[in-house]
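Shown below: work23.cif, with mmCIF, C-alpha atoms.
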```
data_query
#
loop_
_atom_site.label_atom_id
_atom_site.label_comp_id
_atom_site.auth_asym_id
_atom_site.auth_seq_id
_atom_site.Cartn_x
_atom_site.Cartn_y
_atom_site.Cartn_z
CA MET H 5 36.91 52.09 73.54
CA GLN H 6 37.54 55.81 73.32
CA LYS H 7 38.90 57.36 70.15
CA GLY H 8 42.68 57.60 70.09
CA ARG H 9 45.50 59.60 68.58
CA VAL H 10 47.22 58.43 65.40
CA ILE H 11 50.29 59.77 63.63
CA LEU H 12 50.59 59.06 59.90
CA ALA H 13 54.08 59.09 58.39
CA ASP H 14 54.50 58.87 54.64
CA LYS H 15 56.67 60.84 52.23
CA HIS H 16 53.81 61.01 49.70
CA PRO H 17 51.31 63.83 50.48
CA ASN H 18 48.52 62.21 48.46
CA VAL H 19 48.78 59.04 50.56
CA LEU H 20 48.70 61.08 53.78
CA GLY H 21 45.63 63.00 52.66
CA GLY H 22 43.71 59.92 51.61
CA ILE H 23 44.44 58.04 54.82
CA HIS H 24 43.68 61.12 56.92
CA ARG H 25 40.19 61.36 55.39
CA LEU H 26 39.66 57.65 55.98
CA LEU H 27 40.52 57.95 59.68
CA GLU H 28 38.79 61.21 60.59
CA ALA H 29 35.66 59.51 61.92
CA GLU H 30 37.58 56.70 63.62
CA VAL H 31 40.14 58.53 65.76
CA GLU H 32 40.22 61.68 67.87
CA THR H 33 43.39 63.15 66.39
CA VAL H 34 45.27 62.40 63.18
CA LEU H 35 48.64 64.07 62.75
CA MET H 36 50.47 63.83 59.43
CA VAL H 37 54.24 63.97 58.92
CA SER H 38 56.39 63.31 55.89
CA ASP H 39 59.88 62.65 57.27
CA GLU H 40 61.72 60.97 60.12
CA ILE H 41 62.64 64.16 62.01
CA SER H 42 59.03 65.41 62.01
CA LEU H 43 57.85 61.97 63.07
CA MET H 44 60.23 61.80 66.05
CA HIS H 45 59.22 65.31 67.18
CA ALA H 46 55.51 64.45 66.85
CA LEU H 47 55.99 61.25 68.87
CA GLU H 48 57.74 63.08 71.68
CA LYS H 49 55.17 65.87 71.78
CA HIS H 50 51.84 64.11 71.14
CA HIS H 51 52.26 60.56 72.54
CA PRO H 52 49.95 58.81 70.06
CA ASP H 53 48.27 55.47 70.59
CA VAL H 54 49.27 54.26 67.13
CA VAL H 55 51.78 55.24 64.45
CA VAL H 56 51.04 54.29 60.85
CA ALA H 57 54.29 54.58 58.89
CA ASP H 58 55.38 53.85 55.35
CA LEU H 59 58.16 51.26 55.37
CA SER H 60 60.00 53.24 52.69
CA LEU H 61 60.15 56.40 54.84
CA PRO H 62 63.86 57.30 54.81
CA VAL H 63 65.64 57.02 58.18
CA SER H 64 69.00 58.33 59.34
CA THR H 65 70.25 54.96 60.55
CA GLU H 66 70.90 51.69 58.74
CA SER H 67 67.67 50.21 60.09
CA ASN H 68 64.18 50.62 58.65
CA ILE H 69 61.45 52.82 60.11
CA ALA H 70 59.88 49.88 61.98
CA GLN H 71 63.10 49.10 63.83
CA GLU H 72 63.77 52.79 64.44
CA LEU H 73 60.33 53.34 65.99
CA LYS H 74 60.45 50.25 68.19
CA ASN H 75 63.99 51.05 69.38
CA LYS H 76 63.16 54.63 70.33
CA PHE H 77 59.50 54.23 71.37
CA PRO H 78 58.96 50.59 72.38
CA LYS H 79 55.54 51.17 73.96
CA ILE H 80 53.93 52.86 70.96
CA LYS H 81 51.92 50.58 68.71
CA VAL H 82 53.20 50.62 65.14
CA ILE H 83 51.47 49.68 61.90
CA ILE H 84 53.64 49.57 58.80
CA LEU H 85 52.32 50.33 55.33
CA SER H 86 54.23 48.72 52.49
CA ASN H 87 54.14 48.02 48.79
CA TYR H 88 56.38 45.00 49.43
CA ASP H 89 54.95 41.59 50.23
CA ASP H 90 58.16 39.54 49.98
CA ARG H 91 58.40 37.02 52.82
CA SER H 92 61.79 38.33 53.95
CA VAL H 93 60.48 41.90 54.16
CA VAL H 94 57.35 40.96 56.12
CA GLU H 95 59.25 38.68 58.50
CA ASP H 96 62.02 41.25 59.06
CA VAL H 97 59.52 44.02 59.79
CA MET H 98 57.38 41.86 62.09
CA ALA H 99 60.52 40.68 63.94
CA SER H 100 61.18 44.28 64.95
CA GLY H 101 58.17 44.02 67.26
CA ILE H 102 55.62 46.06 65.36
CA GLU H 103 51.94 45.34 65.80
CA GLY H 104 50.68 45.55 62.22
CA PHE H 105 51.67 45.16 58.57
CA ILE H 106 49.37 46.43 55.82
CA LEU H 107 49.86 46.35 52.09
CA LYS H 108 49.33 49.86 50.71
CA GLN H 109 46.93 48.58 48.07
CA ARG H 110 44.71 47.27 50.91
CA ALA H 111 44.96 50.29 53.21
CA VAL H 112 41.39 51.46 52.55
CA ILE H 113 40.09 48.03 53.59
CA ASP H 114 42.56 47.09 56.33
CA LEU H 115 43.61 50.24 58.15
CA ILE H 116 40.61 50.78 60.42
CA PRO H 117 40.40 47.11 61.51
CA ALA H 118 44.18 47.14 62.03
CA ILE H 119 44.05 50.21 64.27
CA ARG H 120 41.19 48.71 66.27
CA ASP H 121 43.05 45.41 66.70
CA VAL H 122 46.43 46.86 67.69
CA ARG H 123 44.78 49.23 70.17
CA ARG H 124 43.28 46.10 71.80
CA GLY H 125 46.71 44.49 71.99
CA LEU H 126 46.36 42.23 68.94
CA LYS H 127 48.59 41.88 65.87
CA TYR H 128 47.28 42.61 62.38
CA ILE H 129 48.62 41.53 58.99
CA SER H 130 46.73 42.25 55.78
CA PRO H 131 44.75 39.15 54.81
CA GLY H 132 46.40 37.28 52.00
CA VAL H 133 49.93 38.58 52.62
CA PHE H 134 51.32 35.13 53.31
CA ASP H 135 49.15 33.58 50.56
CA THR H 136 50.74 36.01 48.09
CA ILE H 137 54.18 35.16 49.42
CA ASP H 138 53.50 31.43 49.15
CA ASP H 139 52.21 31.81 45.57
CA LYS H 140 55.42 33.61 44.54
CA SER H 141 57.62 30.87 45.99
CA ARG H 142 55.98 28.10 43.97
#
```
Write the structure described by the file as structure tokens, please.
Amino acid sequence: MQKGRVILADKHPNVLGGIHRLLEAEVETVLMVSDEISLMHALEKHHPDVVVADLSLPVSTESNIAQELKNKFPKIKVIILSNYDDRSVVEDVMASGIEGFILKQRAVIDLIPAIRDVRRGLKYISPGVFDTIDDKSR
């Protein structure tokens, strides 16, 4: 599989920089943006294979970034990064039609396999997400 284009969207520059370095050898192009407007412009201009976006990225609508991306760009594969592992959050985000959900604390481990999987048409959820959710509900 040829290397693809990825857009990273996170309001925290240190997160963007760390993930960018992680992906440099894996993908052809990595673009970094830190807000919704820049993300939408980058999507229209660069047509990436995958978008990796922080769930807490502020959006101008009442939806979250996952819903916003899938509504405006339904064919683009989306992986969401999140600090939240609550069942309702994960289920809500996955119901929007995204392809991947990664806990930020596992990004170094999970991001490359997630990008590979979603580019092949598979879904990816950080291992242990639902185990953590089940443990909290006991």
Against region 103-109 of chain H, which residues of region 69-92 of chain H fall within 7 Å? For each one I want the closest pair of atoms and the distance in Å (one decimal), counting only C-alpha atoms, rows by chain and increasing residue number, as a tab-separated table.
```
residue	atom	partner	partner_atom	distance
H:Lys81	CA	H:Glu103	CA	6.0
H:Val82	CA	H:Glu103	CA	5.5
H:Ile83	CA	H:Gly104	CA	4.2
H:Ile84	CA	H:Phe105	CA	4.8
H:Leu85	CA	H:Ile106	CA	4.9
H:Ser86	CA	H:Leu107	CA	5.0
H:Asn87	CA	H:Lys108	CA	5.5
```
Care to translate the PyMOL selection byres ((chain H and resi 30-47) around 9) into actual residues of this file, as a compact mmCIF listing (two decimals) with C-alpha atoms, keeping the file's coordinate frame?
```txt
# COMPACT_ATOMS: atom_id res chain seq x y z
CA GLN H 6 37.54 55.81 73.32
CA LYS H 7 38.90 57.36 70.15
CA GLY H 8 42.68 57.60 70.09
CA ARG H 9 45.50 59.60 68.58
CA VAL H 10 47.22 58.43 65.40
CA ILE H 11 50.29 59.77 63.63
CA LEU H 12 50.59 59.06 59.90
CA ALA H 13 54.08 59.09 58.39
CA ASP H 14 54.50 58.87 54.64
CA LYS H 15 56.67 60.84 52.23
CA HIS H 16 53.81 61.01 49.70
CA PRO H 17 51.31 63.83 50.48
CA LEU H 20 48.70 61.08 53.78
CA GLY H 21 45.63 63.00 52.66
CA HIS H 24 43.68 61.12 56.92
CA LEU H 26 39.66 57.65 55.98
CA LEU H 27 40.52 57.95 59.68
CA GLU H 28 38.79 61.21 60.59
CA ALA H 29 35.66 59.51 61.92
CA GLU H 48 57.74 63.08 71.68
CA LYS H 49 55.17 65.87 71.78
CA HIS H 50 51.84 64.11 71.14
CA HIS H 51 52.26 60.56 72.54
CA PRO H 52 49.95 58.81 70.06
CA VAL H 55 51.78 55.24 64.45
CA LEU H 61 60.15 56.40 54.84
CA PRO H 62 63.86 57.30 54.81
CA VAL H 63 65.64 57.02 58.18
CA SER H 64 69.00 58.33 59.34
CA ILE H 69 61.45 52.82 60.11
CA LEU H 73 60.33 53.34 65.99
CA LYS H 76 63.16 54.63 70.33
CA PHE H 77 59.50 54.23 71.37
CA ILE H 80 53.93 52.86 70.96
CA ILE H 116 40.61 50.78 60.42
```
*Expand the PyMOL selection byres ((chain H and resi 89) around 9) into the individual residues it matches in the shown file, reporting them as a list of chain:residue names.*
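Selected by the PyMOL selection byres ((chain H and resi 89) around 9) in this file: H:Ser86, H:Asn87, H:Tyr88, H:Asp90, H:Arg91, H:Ser92, H:Val93, H:Val94, H:Leu107, H:Val133, H:Phe134, H:Thr136, H:Ile137.
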*asked:* One number please: CA of Ser60 (chain H) to CA of Asn75 (chain H), in Å, one decimal.
replied: 17.3 Å
*Take the PyMOL selection byres ((chain H and resi 128) around 10), apply it to the structure above, and return the hits as a PyMOL selection string.*
chain H and resi 83+102-106+114-115+117-122+125-127+129-131
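Across the model, the gap from CA of Asn18 (chain H) to CA of Glu66 (chain H) is 26.8 Å.
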*Of the candidates H:Val54, H:Ala99, H:Val112, H:Val19, which shows the shortest atom-to-atom distance to Gln71 (chain H), using only C-alpha atoms?*
H:Ala99
*Which one of H:Pro78, H:Ile23, H:Asn68, H:Asp96 sits closest to Val56 (chain H) if you count all atoms listed in the file?*
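Distance minimum relative to Val56 (chain H) lands on H:Ile23.
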